[in-house]
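One structure is given below, encoded as structure tokens.
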Amino acid sequence: MYCQGMVLPERDARGADGPPEFVRLAAHPLRWRLLAELAGGDHRVRELVARVGEPQNLVSYHLRLLRRGGLVTARRSSFDARDSYYHLDLDRCADALAATGSALHPALPGPAPHPAPPSSRRARVLFACTGNSARSPVAEALLRHHARGRVEVTSGGSRPAARVHPAAVELLRERYGIDIARQRPRGLDDLADRPFDHVITLCDRVREVCPEFGGRPRPAHWSIPDPAAAEDGDAFARTVTEIDTRVRHLVPVLAPGPDPEVHP
């Protein structure tokens with residue numbers, strides 16, 4: 001069909017170069033299910049096998065393809081080095097989705113997010129790690145900062161340290177103007193009587209020992225190594241950057257609004 005005023009470049013039946021790589025990767029039903037599961041948090045292979053109901057060798061094969069395509073990464077568990085956690089790069093997916101639309105037609109924008117139904121109250125979120133001295137207080141501070149009061153958030157540790165790590169305090173102050181210098185680590189046991197909607201563990205060890213909380217919270221896991229245990233001086237900067245990316249993608253899920261600030 002020809003529409004007057006519309007002029008498109010001539011292409012063969014498959015397009016000039018075939019579908020973009022993201023389409024070829026994501027269009028497979030099992031790979032799409034794996035992407036959907038990983039969009040909610042990091043998972044081990046055996047957990048993905050249970051969630052999608054497919055054999056482990058098949059799941060591992062498709063995970064390799066997603067890793068080769070740059071959409072998924074793997075990181076050794078700090079709790080059990082025999083395990084690996086798989087993580088979906090949401091920034092990479094967002095860029096690939098936008099590029100997919102423009103590959104079909106330059107006027108096509110990226111996909112619009114589906115608006116979530118309005119809520120009568122703010123989502124209650126708990127971030128947990130071991131010492132509550134770096135990863136979880138950083139996540140707490142960044143979610144509070146980006147959500148702009150639309151989320152209730154706190155953090156705690158299974159074995160709280162004596163203080164928040166100075167490197168975490170300094171990075172938050174320098175990058176975002178956030179001051180957590182007076183914040184003291186909290187124990188998860190001290191939060192046991194509080195109801196939460198979401199409990200997000202940022203430490204592989206804490207994921208195994210995290211207590212139950214009221215409110216039937218939705219659990220999620222972010223497998224992020226302890227920057228204080230790293231041997232190089234850039235570990236804290238990398239950790240804050242990774243947590244900030246994850247938090248920016250979490251905000252539209254918890255507190256939908258006109259300006260979710262997914263991209264810095």
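Within each chain, counting starts at residue 1; across the structure tokens, chains are named A, B, ... in the order shown, with ligands numbered 1 upward in that order.
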
Using only C-alpha atoms, which residues sit within 6 Å of region 186-199 of chain A once same-chain residues fewer than 4 positions away are excluded, as a PyMOL selection string? chain A and resi 124-126+156-158+160+213-215+217-219

Keeping C-alpha atoms for every residue in the selection just given, could you write it to a file as a compact mmCIF listing (two decimals), in the first residue's frame?
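The result, stored in again-v2.txt:
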```txt
# COMPACT_ATOMS: atom_id res chain seq x y z
CA ARG A 124 8.27 0.80 51.71
CA VAL A 125 11.75 -0.42 50.76
CA LEU A 126 14.54 -2.07 52.75
CA GLY A 156 20.24 -2.48 57.61
CA GLY A 157 22.93 -5.10 58.02
CA SER A 158 23.16 -8.63 59.35
CA PRO A 160 26.27 -3.86 61.43
CA PHE A 213 9.71 -9.18 57.52
CA GLY A 214 6.09 -8.21 57.82
CA GLY A 215 4.01 -6.93 54.95
CA PRO A 217 7.60 -7.95 50.92
CA ARG A 218 8.68 -8.71 47.39
CA PRO A 219 12.31 -9.89 47.53
```

List every residue of region 46-101 of chain A that DSSP, applied to the backbone of this structure, places in helix (DSSP H, G or I), and write the result as a VMD selection string. chain A and resid 46 to 52 56 to 68 90 to 101

Saved selection, atoms kept: N, CA and C atoms, as a CSV table (one decimal), in the first residue's frame:
```csv
chain,number,residue,atom,x,y,z
A,46,ARG,N,20.3,-22.0,38.7
A,46,ARG,CA,19.2,-22.9,39.2
A,46,ARG,C,17.9,-22.2,39.5
A,47,GLU,N,18.0,-21.0,39.9
A,47,GLU,CA,16.8,-20.2,40.1
A,47,GLU,C,16.1,-19.9,38.8
A,48,LEU,N,16.8,-19.5,37.8
A,48,LEU,CA,16.2,-19.3,36.5
A,48,LEU,C,15.6,-20.5,35.9
A,49,VAL,N,16.3,-21.7,36.1
A,49,VAL,CA,15.7,-23.0,35.7
A,49,VAL,C,14.4,-23.2,36.3
A,50,ALA,N,14.3,-23.0,37.6
A,50,ALA,CA,13.0,-23.2,38.3
A,50,ALA,C,11.9,-22.2,37.9
A,51,ARG,N,12.3,-21.0,37.6
A,51,ARG,CA,11.3,-20.0,37.2
A,51,ARG,C,10.8,-20.2,35.8
A,52,VAL,N,11.6,-20.6,34.9
A,52,VAL,CA,11.2,-20.7,33.5
A,52,VAL,C,10.7,-22.2,33.2
A,56,GLN,N,18.4,-27.2,32.6
A,56,GLN,CA,19.5,-26.3,32.9
A,56,GLN,C,20.4,-26.1,31.7
A,57,ASN,N,20.7,-27.2,30.9
A,57,ASN,CA,21.6,-27.0,29.8
A,57,ASN,C,21.0,-26.0,28.8
A,58,LEU,N,19.7,-26.0,28.6
A,58,LEU,CA,19.0,-25.1,27.7
A,58,LEU,C,19.1,-23.7,28.2
A,59,VAL,N,18.8,-23.5,29.5
A,59,VAL,CA,18.9,-22.2,30.1
A,59,VAL,C,20.3,-21.6,30.0
A,60,SER,N,21.3,-22.5,30.3
A,60,SER,CA,22.7,-22.0,30.2
A,60,SER,C,23.1,-21.6,28.8
A,61,TYR,N,22.6,-22.4,27.8
A,61,TYR,CA,22.9,-22.1,26.4
A,61,TYR,C,22.4,-20.7,26.0
A,62,HIS,N,21.2,-20.4,26.4
A,62,HIS,CA,20.6,-19.1,26.0
A,62,HIS,C,21.2,-18.0,26.9
A,63,LEU,N,21.6,-18.2,28.1
A,63,LEU,CA,22.3,-17.2,28.9
A,63,LEU,C,23.6,-16.9,28.2
A,64,ARG,N,24.3,-17.9,27.7
A,64,ARG,CA,25.6,-17.6,27.0
A,64,ARG,C,25.3,-16.6,25.8
A,65,LEU,N,24.2,-16.9,25.1
A,65,LEU,CA,23.9,-16.0,23.9
A,65,LEU,C,23.6,-14.6,24.4
A,66,LEU,N,22.9,-14.4,25.5
A,66,LEU,CA,22.6,-13.1,26.0
A,66,LEU,C,23.8,-12.4,26.5
A,67,ARG,N,24.7,-13.2,27.1
A,67,ARG,CA,26.0,-12.6,27.5
A,67,ARG,C,26.8,-12.2,26.3
A,68,ARG,N,26.9,-13.0,25.3
A,68,ARG,CA,27.6,-12.7,24.1
A,68,ARG,C,27.1,-11.4,23.4
A,90,LEU,N,20.2,-3.0,32.2
A,90,LEU,CA,19.0,-2.3,31.8
A,90,LEU,C,19.3,-1.1,30.9
A,91,ASP,N,20.5,-0.4,31.2
A,91,ASP,CA,20.9,0.7,30.3
A,91,ASP,C,21.1,0.2,28.9
A,92,ARG,N,21.8,-0.9,28.8
A,92,ARG,CA,22.1,-1.5,27.4
A,92,ARG,C,20.8,-1.9,26.7
A,93,CYS,N,19.8,-2.4,27.5
A,93,CYS,CA,18.5,-2.8,26.9
A,93,CYS,C,17.8,-1.5,26.4
A,94,ALA,N,17.8,-0.5,27.2
A,94,ALA,CA,17.1,0.8,26.8
A,94,ALA,C,17.7,1.3,25.5
A,95,ASP,N,19.0,1.3,25.5
A,95,ASP,CA,19.7,1.8,24.2
A,95,ASP,C,19.4,1.0,23.0
A,96,ALA,N,19.4,-0.4,23.3
A,96,ALA,CA,19.1,-1.3,22.2
A,96,ALA,C,17.6,-1.2,21.7
A,97,LEU,N,16.7,-1.0,22.6
A,97,LEU,CA,15.3,-0.8,22.2
A,97,LEU,C,15.1,0.5,21.4
A,98,ALA,N,15.8,1.6,21.8
A,98,ALA,CA,15.7,2.8,21.1
A,98,ALA,C,16.3,2.7,19.7
A,99,ALA,N,17.4,2.0,19.6
A,99,ALA,CA,18.1,1.8,18.3
A,99,ALA,C,17.3,0.9,17.4
A,100,THR,N,16.5,-0.1,18.0
A,100,THR,CA,15.7,-1.0,17.2
A,100,THR,C,14.6,-0.2,16.5
A,101,GLY,N,13.9,0.8,17.2
A,101,GLY,CA,12.9,1.6,16.6
A,101,GLY,C,13.5,2.4,15.5
```

Can you tell me which residues surround Ser136 (chain A) at a distance of at most 10 Å, considering only C-alpha atoms, apart from same-chain residues fewer than 4 positions away, and format the answer as a ChimeraX atom specification? /A:126-132,140-142,154-157,164,185,200-203,243

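Nearest to Ile224 (chain A) of all the residues A:Glu21, A:Glu242, A:Glu54, A:Glu152 is A:Glu242, counting only C-alpha atoms.
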
Which polymer residues have any atom within 12 Å of an atom of Pro166 (chain A), counting only C-alpha atoms, with same-chain residues fewer than 6 positions away left out, as a PDB file with C-alpha atoms, in the first residue's frame?
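Saved to part-v8.pdb:
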```pdb
ATOM      1  CA  SER A 133      28.380   0.507  56.017  1.00  0.00           C
ATOM      2  CA  ALA A 134      28.634   0.944  52.223  1.00  0.00           C
ATOM      3  CA  PRO A 137      23.331   2.965  52.968  1.00  0.00           C
ATOM      4  CA  VAL A 138      24.418   4.162  49.521  1.00  0.00           C
ATOM      5  CA  LEU A 172      27.834  10.620  47.931  1.00  0.00           C
ATOM      6  CA  ARG A 173      28.748  14.130  49.033  1.00  0.00           C
ATOM      7  CA  ASP A 179      25.422  13.920  53.402  1.00  0.00           C
ATOM      8  CA  ILE A 180      25.178  10.658  55.370  1.00  0.00           C
ATOM      9  CA  ALA A 181      28.131  11.392  57.666  1.00  0.00           C
ATOM     10  CA  ARG A 182      25.948  11.211  60.777  1.00  0.00           C
ATOM     11  CA  GLN A 183      24.157   8.018  59.782  1.00  0.00           C
ATOM     12  CA  ARG A 184      24.956   4.964  61.886  1.00  0.00           C
ATOM     13  CA  PRO A 227      33.958  -2.453  47.845  1.00  0.00           C
ATOM     14  CA  ALA A 228      35.768  -2.417  51.177  1.00  0.00           C
ATOM     15  CA  PHE A 236      33.908   2.385  45.796  1.00  0.00           C
TER      16      PHE A 236
END
```

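Rounded to one decimal, CA of Arg144 (chain A) and CA of Arg75 (chain A) lie 27.1 Å from each other.
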
Between A:Ala36, A:Ala26, A:Ala139, A:Ala103, which has the minimum distance to Thr239 (chain A) (counting only C-alpha atoms)?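 Closest candidate: A:Ala139.
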